[in-house]
Structures are given as structure tokens and as C-alpha cells.
file start36.cif (mmCIF, C-alpha atoms)
data_query
#
loop_
_atom_site.group_PDB
_atom_site.id
_atom_site.type_symbol
_atom_site.label_atom_id
_atom_site.label_comp_id
_atom_site.auth_asym_id
_atom_site.auth_seq_id
_atom_site.Cartn_x
_atom_site.Cartn_y
_atom_site.Cartn_z
ATOM 1 C CA MET A 1 111.647 36.153 138.275
ATOM 2 C CA HIS A 2 113.005 34.675 141.470
ATOM 3 C CA VAL A 3 111.220 36.110 144.515
ATOM 4 C CA GLU A 4 111.787 35.395 148.197
ATOM 5 C CA ALA A 5 109.949 36.535 151.309
ATOM 6 C CA ILE A 6 111.177 39.624 153.124
ATOM 7 C CA ASP A 7 112.509 38.858 156.601
ATOM 8 C CA ARG A 8 110.075 39.639 159.415
ATOM 9 C CA VAL A 9 111.092 40.509 162.994
ATOM 10 C CA ASP A 10 109.007 41.685 165.930
ATOM 11 C CA ASP A 11 111.760 43.850 167.391
ATOM 12 C CA ILE A 12 115.422 44.394 166.584
ATOM 13 C CA SER A 13 118.404 45.953 168.331
ATOM 14 C CA PRO A 14 120.229 48.864 166.679
ATOM 15 C CA ARG A 15 123.322 46.682 166.291
ATOM 16 C CA ASP A 16 121.455 43.807 164.635
ATOM 17 C CA PHE A 17 119.557 46.202 162.386
ATOM 18 C CA ARG A 18 122.771 47.813 161.191
ATOM 19 C CA GLU A 19 124.691 44.567 160.695
ATOM 20 C CA LYS A 20 121.902 42.457 159.154
ATOM 21 C CA TYR A 21 119.950 45.010 157.135
ATOM 22 C CA LEU A 22 121.349 48.551 156.894
ATOM 23 C CA LYS A 23 124.949 47.751 155.958
ATOM 24 C CA PRO A 24 124.114 44.899 153.545
ATOM 25 C CA ARG A 25 121.149 46.926 152.240
ATOM 26 C CA LYS A 26 118.572 44.239 152.752
ATOM 27 C CA PRO A 27 114.861 44.919 153.437
ATOM 28 C CA VAL A 28 113.070 43.804 156.589
ATOM 29 C CA VAL A 29 109.555 44.095 158.031
ATOM 30 C CA ILE A 30 109.559 45.165 161.691
ATOM 31 C CA THR A 31 106.159 44.229 163.083
ATOM 32 C CA GLY A 32 106.569 45.792 166.532
ATOM 33 C CA LEU A 33 108.150 49.160 165.726
ATOM 34 C CA SER A 34 104.805 50.991 165.812
ATOM 35 C CA ARG A 35 103.275 48.967 168.660
ATOM 36 C CA ASN A 36 103.209 51.866 171.137
ATOM 37 C CA TRP A 37 102.387 54.642 168.692
ATOM 38 C CA PRO A 38 99.116 56.504 169.369
ATOM 39 C CA ALA A 39 98.735 56.671 165.564
ATOM 40 C CA LEU A 40 98.112 52.932 165.460
ATOM 41 C CA THR A 41 94.571 53.400 166.787
ATOM 42 C CA LYS A 42 94.087 57.165 166.539
ATOM 43 C CA TRP A 43 94.597 57.538 162.789
ATOM 44 C CA THR A 44 91.339 56.620 161.084
ATOM 45 C CA TRP A 45 89.395 57.757 158.036
ATOM 46 C CA ASP A 46 87.112 59.904 160.203
ATOM 47 C CA TYR A 47 90.008 61.507 162.066
ATOM 48 C CA PHE A 48 91.782 62.567 158.872
ATOM 49 C CA ILE A 49 88.523 63.830 157.363
ATOM 50 C CA GLU A 50 87.955 65.972 160.454
ATOM 51 C CA ILE A 51 91.388 67.569 160.666
ATOM 52 C CA VAL A 52 92.560 67.812 157.025
ATOM 53 C CA GLY A 53 89.440 67.132 154.965
ATOM 54 C CA LYS A 54 89.275 70.630 153.460
ATOM 55 C CA GLU A 55 92.731 70.498 151.849
ATOM 56 C CA LYS A 56 93.090 69.677 148.161
ATOM 57 C CA VAL A 57 95.275 66.765 147.076
ATOM 58 C CA GLY A 58 96.548 65.462 143.745
ATOM 59 C CA LEU A 59 95.321 61.985 142.795
ATOM 60 C CA TYR A 60 96.998 59.357 140.652
ATOM 61 C CA ASN A 61 95.163 56.687 138.675
ATOM 62 C CA ASN A 62 96.442 53.263 137.585
ATOM 63 C CA ASN A 63 97.408 54.364 134.071
ATOM 64 C CA ARG A 64 101.077 54.384 133.178
ATOM 65 C CA ALA A 65 102.528 57.799 132.327
ATOM 66 C CA ASP A 66 102.142 58.745 128.674
ATOM 67 C CA ALA A 67 104.533 60.690 126.467
ATOM 68 C CA HIS A 68 103.411 64.053 127.857
ATOM 69 C CA THR A 69 103.284 63.288 131.599
ATOM 70 C CA PRO A 70 106.001 65.072 133.634
ATOM 71 C CA VAL A 71 107.672 63.356 136.593
ATOM 72 C CA ASN A 72 105.190 63.113 139.501
ATOM 73 C CA GLY A 73 102.426 64.797 137.501
ATOM 74 C CA TYR A 74 99.044 63.933 139.054
ATOM 75 C CA ASP A 75 95.904 63.024 137.117
ATOM 76 C CA GLU A 76 93.183 64.919 138.993
ATOM 77 C CA GLU A 77 92.560 66.953 142.129
ATOM 78 C CA MET A 78 90.021 66.623 144.928
ATOM 79 C CA TYR A 79 89.354 67.715 148.490
ATOM 80 C CA PHE A 80 91.057 65.213 150.787
ATOM 81 C CA GLY A 81 87.883 64.643 152.811
ATOM 82 C CA ASP A 82 85.812 63.885 149.702
ATOM 83 C CA TYR A 83 88.492 61.500 148.469
ATOM 84 C CA LEU A 84 88.632 59.647 151.811
ATOM 85 C CA GLN A 85 84.842 59.312 151.909
ATOM 86 C CA MET A 86 84.974 57.751 148.468
ATOM 87 C CA VAL A 87 87.972 55.487 148.982
ATOM 88 C CA ARG A 88 86.859 54.036 152.311
ATOM 89 C CA LYS A 89 83.685 52.611 150.740
ATOM 90 C CA GLY A 90 85.345 50.200 148.365
ATOM 91 C CA PRO A 91 87.546 49.676 145.315
ATOM 92 C CA VAL A 92 88.789 52.961 143.855
ATOM 93 C CA GLN A 93 91.767 52.997 141.508
ATOM 94 C CA LEU A 94 92.977 56.361 142.756
ATOM 95 C CA ARG A 95 95.738 57.048 145.234
ATOM 96 C CA VAL A 96 97.406 59.929 147.053
ATOM 97 C CA PHE A 97 101.172 60.008 146.657
ATOM 98 C CA LEU A 98 103.673 61.859 148.884
ATOM 99 C CA PHE A 99 101.096 63.956 150.764
ATOM 100 C CA ASN A 100 102.737 66.010 153.515
ATOM 101 C CA ILE A 101 99.679 65.985 155.757
ATOM 102 C CA PHE A 102 101.865 67.215 158.614
ATOM 103 C CA LYS A 103 102.154 70.598 156.897
ATOM 104 C CA TYR A 104 98.446 71.108 157.586
ATOM 105 C CA ALA A 105 98.209 69.174 160.866
ATOM 106 C CA PRO A 106 101.612 69.417 162.597
ATOM 107 C CA GLN A 107 100.163 67.869 165.752
ATOM 108 C CA LEU A 108 100.243 64.488 164.016
ATOM 109 C CA VAL A 109 103.981 64.207 164.691
ATOM 110 C CA GLU A 110 103.052 63.636 168.348
ATOM 111 C CA ASP A 111 101.387 60.354 167.357
ATOM 112 C CA PHE A 112 104.492 58.380 166.359
ATOM 113 C CA THR A 113 108.133 57.963 167.372
ATOM 114 C CA TRP A 114 111.012 58.529 164.979
ATOM 115 C CA PRO A 115 113.322 55.474 164.740
ATOM 116 C CA ASP A 116 116.412 57.458 165.769
ATOM 117 C CA HIS A 117 117.737 54.407 167.599
ATOM 118 C CA LEU A 118 118.010 52.523 164.306
ATOM 119 C CA ILE A 119 119.278 55.095 161.814
ATOM 120 C CA LYS A 120 120.765 58.568 161.526
ATOM 121 C CA GLY A 121 119.879 61.279 159.030
ATOM 122 C CA LEU A 122 116.087 61.127 159.364
ATOM 123 C CA LEU A 123 114.405 63.939 157.400
ATOM 124 C CA LYS A 124 112.056 65.118 160.119
ATOM 125 C CA LYS A 125 110.465 67.846 158.013
ATOM 126 C CA TYR A 126 109.188 65.333 155.483
ATOM 127 C CA PRO A 127 107.069 62.506 156.870
ATOM 128 C CA MET A 128 104.725 61.570 154.039
ATOM 129 C CA LEU A 129 101.275 59.986 153.853
ATOM 130 C CA PHE A 130 100.191 57.563 151.131
ATOM 131 C CA VAL A 131 96.539 56.609 150.570
ATOM 132 C CA GLY A 132 94.980 54.237 148.072
ATOM 133 C CA GLY A 133 91.724 52.570 147.221
ATOM 134 C CA ALA A 134 91.476 48.809 146.900
ATOM 135 C CA GLY A 135 92.940 47.933 143.519
ATOM 136 C CA SER A 136 95.112 51.033 143.135
ATOM 137 C CA VAL A 137 98.735 50.523 142.160
ATOM 138 C CA ALA A 138 102.035 52.338 142.619
ATOM 139 C CA HIS A 139 103.880 51.111 139.525
ATOM 140 C CA MET A 140 107.453 49.853 139.710
ATOM 141 C CA HIS A 141 109.895 52.655 140.501
ATOM 142 C CA TYR A 142 112.533 53.687 142.984
ATOM 143 C CA ASP A 143 112.418 56.902 145.001
ATOM 144 C CA ILE A 144 114.090 59.769 143.204
ATOM 145 C CA ASP A 145 115.850 61.107 146.313
ATOM 146 C CA CYS A 146 117.486 57.700 146.961
ATOM 147 C CA SER A 147 116.717 57.797 150.697
ATOM 148 C CA HIS A 148 116.250 54.911 153.112
ATOM 149 C CA ILE A 149 112.543 54.424 153.905
ATOM 150 C CA PHE A 150 110.580 53.219 156.932
ATOM 151 C CA HIS A 151 107.098 52.580 155.528
ATOM 152 C CA THR A 152 104.392 51.850 158.114
ATOM 153 C CA GLN A 153 101.016 50.469 157.067
ATOM 154 C CA PHE A 154 97.973 51.578 159.074
ATOM 155 C CA VAL A 155 94.639 50.633 157.511
ATOM 156 C CA GLY A 156 94.275 47.857 154.928
ATOM 157 C CA ARG A 157 96.744 45.432 153.354
ATOM 158 C CA LYS A 158 99.344 46.153 150.711
ATOM 159 C CA ARG A 159 101.281 43.695 148.536
ATOM 160 C CA VAL A 160 104.887 44.802 148.036
ATOM 161 C CA LEU A 161 107.515 43.711 145.509
ATOM 162 C CA LEU A 162 111.076 44.998 146.029
ATOM 163 C CA LEU A 163 114.222 44.661 143.937
ATOM 164 C CA GLU A 164 117.711 45.909 144.651
ATOM 165 C CA ASN A 165 118.873 48.699 142.360
ATOM 166 C CA ASN A 166 121.425 46.419 140.697
ATOM 167 C CA GLN A 167 118.465 44.579 139.157
ATOM 168 C CA SER A 168 117.687 47.634 137.001
ATOM 169 C CA PRO A 169 118.693 46.147 133.604
ATOM 170 C CA PHE A 170 116.616 42.992 134.184
ATOM 171 C CA ILE A 171 113.440 44.995 134.891
ATOM 172 C CA TYR A 172 113.920 47.389 131.954
ATOM 173 C CA ARG A 173 114.869 50.627 133.655
ATOM 174 C CA MET A 174 114.375 53.557 131.279
ATOM 175 C CA PRO A 175 117.256 56.096 131.012
ATOM 176 C CA LEU A 176 117.028 59.371 132.961
ATOM 177 C CA THR A 177 114.102 57.960 134.953
ATOM 178 C CA VAL A 178 113.401 55.907 138.062
ATOM 179 C CA GLU A 179 110.775 53.907 136.140
ATOM 180 C CA SER A 180 110.552 50.464 134.560
ATOM 181 C CA ALA A 181 109.215 49.875 131.063
ATOM 182 C CA ALA A 182 107.790 46.509 132.167
ATOM 183 C CA ASN A 183 104.336 46.038 133.671
ATOM 184 C CA PHE A 184 104.227 44.456 137.143
ATOM 185 C CA VAL A 185 100.477 44.658 137.788
ATOM 186 C CA ASN A 186 99.363 41.312 139.263
ATOM 187 C CA TRP A 187 102.975 40.160 139.028
ATOM 188 C CA HIS A 188 102.270 37.352 141.518
ATOM 189 C CA GLU A 189 99.987 35.750 138.922
ATOM 190 C CA GLY A 190 102.587 35.953 136.163
ATOM 191 C CA LEU A 191 104.776 38.373 134.210
ATOM 192 C CA ASP A 192 105.011 39.150 130.501
ATOM 193 C CA GLU A 193 108.312 37.358 129.897
ATOM 194 C CA GLU A 194 107.474 37.018 126.208
ATOM 195 C CA HIS A 195 107.897 40.752 125.645
ATOM 196 C CA PHE A 196 110.256 41.311 128.594
ATOM 197 C CA PRO A 197 112.399 38.141 128.682
ATOM 198 C CA ALA A 198 115.025 39.583 131.039
ATOM 199 C CA LEU A 199 112.455 39.518 133.852
ATOM 200 C CA ARG A 200 113.154 35.802 134.338
ATOM 201 C CA TYR A 201 116.637 36.716 135.598
ATOM 202 C CA ALA A 202 115.481 39.348 138.116
ATOM 203 C CA LYS A 203 115.692 38.675 141.856
ATOM 204 C CA GLY A 204 113.240 40.294 144.243
ATOM 205 C CA TYR A 205 111.633 40.279 147.668
ATOM 206 C CA THR A 206 107.967 40.329 148.611
ATOM 207 C CA ALA A 207 105.686 40.793 151.604
ATOM 208 C CA ILE A 208 102.107 41.662 152.440
ATOM 209 C CA LEU A 209 102.023 44.603 154.835
ATOM 210 C CA GLN A 210 99.234 44.680 157.409
ATOM 211 C CA HIS A 211 98.141 47.116 160.105
ATOM 212 C CA GLY A 212 101.186 48.143 162.136
ATOM 213 C CA ASP A 213 103.854 46.556 159.928
ATOM 214 C CA THR A 214 106.875 48.740 159.152
ATOM 215 C CA LEU A 215 108.892 47.955 156.042
ATOM 216 C CA PHE A 216 112.517 49.081 155.985
ATOM 217 C CA MET A 217 113.381 49.698 152.333
ATOM 218 C CA PRO A 218 117.061 50.510 151.699
ATOM 219 C CA ALA A 219 118.016 53.443 149.503
ATOM 220 C CA GLY A 220 117.526 52.936 145.791
ATOM 221 C CA TYR A 221 115.313 49.857 146.045
ATOM 222 C CA TRP A 222 112.796 49.345 143.271
ATOM 223 C CA HIS A 223 109.269 48.875 144.609
ATOM 224 C CA HIS A 224 105.853 48.023 143.206
ATOM 225 C CA MET A 225 102.900 48.319 145.601
ATOM 226 C CA GLU A 226 99.336 47.109 145.156
ATOM 227 C CA TYR A 227 96.559 48.081 147.572
ATOM 228 C CA MET A 228 94.732 44.868 148.388
ATOM 229 C CA ASP A 229 92.286 46.906 150.517
ATOM 230 C CA SER A 230 91.618 50.607 150.812
ATOM 231 C CA GLY A 231 94.179 51.941 153.253
ATOM 232 C CA PHE A 232 96.901 54.377 154.132
ATOM 233 C CA SER A 233 100.518 54.348 155.230
ATOM 234 C CA MET A 234 103.300 56.714 156.262
ATOM 235 C CA SER A 235 106.899 56.896 155.086
ATOM 236 C CA LEU A 236 109.772 58.257 157.176
ATOM 237 C CA ARG A 237 112.905 59.000 155.165
ATOM 238 C CA ALA A 238 116.591 58.987 156.083
ATOM 239 C CA LEU A 239 119.467 60.225 153.956
ATOM 240 C CA ASP A 240 121.895 57.630 152.688
ATOM 241 C CA GLU A 241 124.837 57.668 155.109
ATOM 242 C CA THR A 242 127.427 57.508 152.316
ATOM 243 C CA LEU A 243 128.677 60.481 150.304
ATOM 244 C CA ALA A 244 128.118 58.534 147.089
ATOM 245 C CA GLY A 245 124.499 57.921 148.100
ATOM 246 C CA LYS A 246 123.905 61.598 148.856
ATOM 247 C CA LEU A 247 125.423 62.649 145.523
ATOM 248 C CA LYS A 248 123.298 60.079 143.710
ATOM 249 C CA GLY A 249 120.162 61.522 145.312
ATOM 250 C CA PHE A 250 121.187 65.061 144.330
ATOM 251 C CA TYR A 251 121.811 63.982 140.733
ATOM 252 C CA HIS A 252 118.412 62.269 140.530
ATOM 253 C CA ILE A 253 116.444 65.176 142.012
ATOM 254 C CA LEU A 254 118.001 67.988 139.986
ATOM 255 C CA PRO A 255 119.907 67.340 136.716
ATOM 256 C CA MET A 256 118.383 63.952 135.865
ATOM 257 C CA ARG A 257 114.767 64.941 136.548
ATOM 258 C CA MET A 258 115.209 68.308 134.823
ATOM 259 C CA MET A 259 116.614 66.663 131.698
ATOM 260 C CA ASN A 260 113.845 64.048 131.606
ATOM 261 C CA ASN A 261 111.125 66.702 131.995
ATOM 262 C CA LEU A 262 112.780 68.904 129.358
ATOM 263 C CA LEU A 263 112.732 66.035 126.863
ATOM 264 C CA ILE A 264 109.106 65.219 127.776
ATOM 265 C CA LYS A 265 108.225 68.847 127.047
ATOM 266 C CA THR A 266 110.265 69.359 123.869
ATOM 267 C CA ARG A 267 110.350 65.921 122.185
ATOM 268 C CA PRO A 268 107.672 63.871 123.921
ATOM 269 C CA GLU A 269 106.936 61.174 121.354
ATOM 270 C CA TRP A 270 110.555 60.583 120.382
ATOM 271 C CA TRP A 271 111.682 60.464 124.021
ATOM 272 C CA TYR A 272 108.813 58.151 125.037
ATOM 273 C CA HIS A 273 109.831 55.523 122.486
ATOM 274 C CA TYR A 274 113.594 56.047 122.806
ATOM 275 C CA LYS A 275 113.524 55.373 126.561
ATOM 276 C CA ARG A 276 111.799 52.063 125.978
ATOM 277 C CA LYS A 277 114.120 51.078 123.156
ATOM 278 C CA MET A 278 117.156 51.707 125.370
ATOM 279 C CA ALA A 279 115.584 49.773 128.252
ATOM 280 C CA HIS A 280 115.226 46.716 125.993
ATOM 281 C CA ARG A 281 118.748 47.132 124.617
ATOM 282 C CA ASN A 282 120.261 47.280 128.111
ATOM 283 C CA ALA A 283 118.199 44.266 129.207
ATOM 284 C CA GLU A 284 119.469 42.247 126.239
ATOM 285 C CA LYS A 285 123.083 43.081 127.171
ATOM 286 C CA ALA A 286 122.478 42.008 130.766
ATOM 287 C CA MET A 287 120.864 38.762 129.609
ATOM 288 C CA ARG A 288 123.756 37.935 127.269
ATOM 289 C CA LYS A 289 126.214 38.489 130.107
ATOM 290 C CA ILE A 290 124.308 36.079 132.371
ATOM 291 C CA GLN A 291 123.957 33.493 129.609
ATOM 292 C CA LEU A 292 127.697 33.694 128.870
ATOM 293 C CA GLN A 293 128.486 33.113 132.548
ATOM 294 C CA GLU A 294 126.185 30.098 132.594
ATOM 295 C CA THR A 295 127.985 28.466 129.658
ATOM 296 C CA THR A 296 131.541 28.990 130.978
#
call {"tool": "encode", "arguments": {"input": "start36.cif", "output": "C-alpha cells"}}
result
Amino acid sequence: MHVEAIDRVDDISPRDFREKYLKPRKPVVITGLSRNWPALTKWTWDYFIEIVGKEKVGLYNNNRADAHTPVNGYDEEMYFGDYLQMVRKGPVQLRVFLFNIFKYAPQLVEDFTWPDHLIKGLLKKYPMLFVGGAGSVAHMHYDIDCSHIFHTQFVGRKRVLLLENNQSPFIYRMPLTVESAANFVNWHEGLDEEHFPALRYAKGYTAILQHGDTLFMPAGYWHHMEYMDSGFSMSLRALDETLAGKLKGFYHILPMRMMNNLLIKTRPEWWYHYKRKMAHRNAEKAMRKIQLQETT
């Protein structure tokens, strides 16, 4: 797999952001976007435990979904405060995914500024918190609503791997899902190209996010995230500005997800193996196309 570093800028004008990153759909890390946010120093483990610790949250482990796991089905449940007490102490392979903490503590929206100057269509009802223990992993996927994302890291470091959606065949996208059949855990140390040979043709971007970094991730980008330290981050979402992008998000959220979950419920074992077989078949077609181009 060919991987290059994600561009990093301290600040960026709306015009430059649109021309260099939004229109060409290229990721960028903006290191100064959150510089003046109260959240940068105010949001701590203790603060979240105090204000939202009594709410229950779903937790996800590092295991890949099995034949019976529905889309976004969590593995266990715990009080948020108990989870934070556990995760702050050290490596814990459990993470919180898409937690709308602002539903329980709406005052938190006073602690950051929406990037309205950079993008339109921000979904201001749905800022989302993500928390993970050191060693926890968000496996390769792209967001089912196909929105643009501004992902700001607060505590801890996170290693990110991104791929444009057109790389789907090379990373073994499974039909009717936003998931890859390949394993990207510790990808920076090597990938299983023996069993997933198309990976050598994939092109991606990488960065390590640190406290205060904001990653702009264009709509539909594949992403794999590994928590190098226990930490948390927040995602702000914006609808794709194109009609085609909005329709794609609608299709993913409703008919595609419903069909996938129906097959998981009614024919779990068959569907589990069929998805992977089709992912390999599509990857082989994509590889043959590349190899043909290289010989002509």
C-alpha cells in the first residue's frame, strides 16, 4: 500500500480550504482550528465524569463483527463515569462510538466554535464524542451517512489511516456495508498482502493526531483509527454539498443498512461468507484492470 502524510496547516482561509481540500476532496489536519476553544483545556476525564458520569453508554471491543452482529451493535454497556475511570488508568481495548454527550450536557456546545466559515451544512444537532483506551481500534470503515467530518482530538494520540472511497475494491469492501474484509490492525508494521494481494495497489493518507489537532475528512473516506493513548475526540459533521452525495447518504442509512441487517438476521452464516467472497472477487477484477494498464 502506498501511503503519504496528510497535509498539516496551522490556519487556513475559507477560500484556500475550499479550493485545496473541500472541492478536490482531500484530507487536511488543521492544528490551530481549536486553539481558542474553552474545550481544549476544560474537557478532562474528571469534568466528563462529573457532568455525564451517570449515563449508560455502549462499548465496542477490538473484535471484528461476527455473522450475527448488526450494524453498529455494541458489545457491552457501562456507566460512562465507570468507563472513564477505567480507561484513563491505562490500556483498555474498549471504546465509545458516536456518543451524543451533548444530549445530556447541552452546555458543552458553549465550549467550541462551529467551523461555519469553512463549510456549509453543519449538522448542529449531532456533535459526537468518541472515547477509547490505549490499544483500542476503530476498524476500517467509512461513515454510513457519507458526511464531511471535522474530527478534533483532545486527550491522547491517535494514529489515522485514510483512503478515498474510490479505493474500495483494493481494500476489499464488502457489499451492502461500509466495512472492509481486510485487517488493518498495526497496518504501519505490515499488511497481510498474501491473503489480500490487492492491498499493495491501495493509496492512502496517514497522520498522528495530537491534542488540539482537527482532521478534515471528506465525505465517504475510509478510515482506520488506533488509540495510541487513552483519549477522546469530537466529530462535527456537515452534509455533502452535492445532491448525489446527499442521495448516497440516504441510500446508505436506510435501504442499504436495512438490507444488510435483514440478511444478518435471516441468513447470517451465508451472508457473512458471501460478503467476503464478493469482496475478494471485486478486488481481483480491480487488480487485473491495473495490471492490464501496466502492460499496455
call {"tool": "residues_around", "arguments": {"input": "start36.cif", "residues": "Met256 in chain A", "least_positions_apart": "6", "cutoff": "10 Å", "atoms": "only C-alpha atoms", "output": "JSON, numbers by chain"}}
result
{"A": [144, 175, 176, 177, 178, 249, 250, 262]}
call {"tool": "atom_distance", "arguments": {"input": "start36.cif", "atom1": "CA of Ala138 in chain A", "atom2": "CA of Phe150 in chain A"}}
result
16.7 Å
call {"tool": "atom_distance", "arguments": {"input": "start36.cif", "atom1": "CA of His195 in chain A", "atom2": "CA of Pro268 in chain A"}}
result
23.2 Å
call {"tool": "residues_around", "arguments": {"input": "start36.cif", "residues": "Met174 in chain A", "least_positions_apart": "4", "cutoff": "12 Å", "atoms": "all atoms listed in the file", "output": "PyMOL selection string"}}
result
chain A and resi 140-142+168-170+178-182+260+271-283
call {"tool": "atom_distance", "arguments": {"input": "start36.cif", "atom1": "CA of Leu239 in chain A", "atom2": "CA of Pro218 in chain A"}}
result
10.3 Å
call {"tool": "residues_around", "arguments": {"input": "start36.cif", "residues": "Leu122 in chain A", "least_positions_apart": "3", "cutoff": "9 Å", "atoms": "only C-alpha atoms", "output": "PyMOL selection string"}}
result
chain A and resi 114-116+119+125-126+148+236-239
call {"tool": "write_last_selection", "arguments": {"input": "start36.cif", "atoms": "C-alpha atoms", "output": "mmCIF file, in the frame of the given file"}}
result
data_model
loop_
_atom_site.group_PDB
_atom_site.id
_atom_site.type_symbol
_atom_site.label_atom_id
_atom_site.label_comp_id
_atom_site.auth_asym_id
_atom_site.auth_seq_id
_atom_site.Cartn_x
_atom_site.Cartn_y
_atom_site.Cartn_z
ATOM 1 C CA TRP A 114 111.012 58.529 164.979
ATOM 2 C CA PRO A 115 113.322 55.474 164.740
ATOM 3 C CA ASP A 116 116.412 57.458 165.769
ATOM 4 C CA ILE A 119 119.278 55.095 161.814
ATOM 5 C CA LYS A 125 110.465 67.846 158.013
ATOM 6 C CA TYR A 126 109.188 65.333 155.483
ATOM 7 C CA HIS A 148 116.250 54.911 153.112
ATOM 8 C CA LEU A 236 109.772 58.257 157.176
ATOM 9 C CA ARG A 237 112.905 59.000 155.165
ATOM 10 C CA ALA A 238 116.591 58.987 156.083
ATOM 11 C CA LEU A 239 119.467 60.225 153.956
#
call {"tool": "closest_residue", "arguments": {"input": "start36.cif", "among": "A:Arg64, A:Lys120, A:Lys56, A:Gly156", "to": "Pro14 in chain A", "atoms": "all atoms listed in the file"}}
result
A:Lys120
call {"tool": "closest_residue", "arguments": {"input": "start36.cif", "among": "A:Ser147, A:Ser230, A:Pro127, A:His117", "to": "Val87 in chain A", "atoms": "only C-alpha atoms"}}
result
A:Ser230
call {"tool": "resolve_selection", "arguments": {"input": "start36.cif", "expression": "the PyMOL selection byres ((chain A and resi 165) around 6)", "output": "ChimeraX atom specification"}}
result
/A:164,166-168,220-221
call {"tool": "resolve_selection", "arguments": {"input": "start36.cif", "expression": "the PyMOL selection byres ((chain A and resi 198) around 8)", "output": "VMD selection string"}}
result
chain A and resid 169 to 172 193 196 to 197 199 to 202 283 to 284 286 to 287
call {"tool": "closest_residue", "arguments": {"input": "start36.cif", "among": "A:Lys42, A:His68, A:Lys23, A:Lys89", "to": "Asn261 in chain A", "atoms": "all atoms listed in the file"}}
result
A:His68
call {"tool": "closest_residue", "arguments": {"input": "start36.cif", "among": "A:Tyr21, A:Phe80, A:Phe184, A:Phe154", "to": "Arg95 in chain A", "atoms": "all atoms listed in the file"}}
result
A:Phe80
call {"tool": "closest_residue", "arguments": {"input": "start36.cif", "among": "A:Asp66, A:Val109, A:Ala134, A:Gly245", "to": "Trp270 in chain A", "atoms": "only C-alpha atoms"}}
result
A:Asp66
call {"tool": "closest_residue", "arguments": {"input": "start36.cif", "among": "A:Leu191, A:Thr69, A:Gly58, A:Ala207", "to": "Ala5 in chain A", "atoms": "all atoms listed in the file"}}
result
A:Ala207
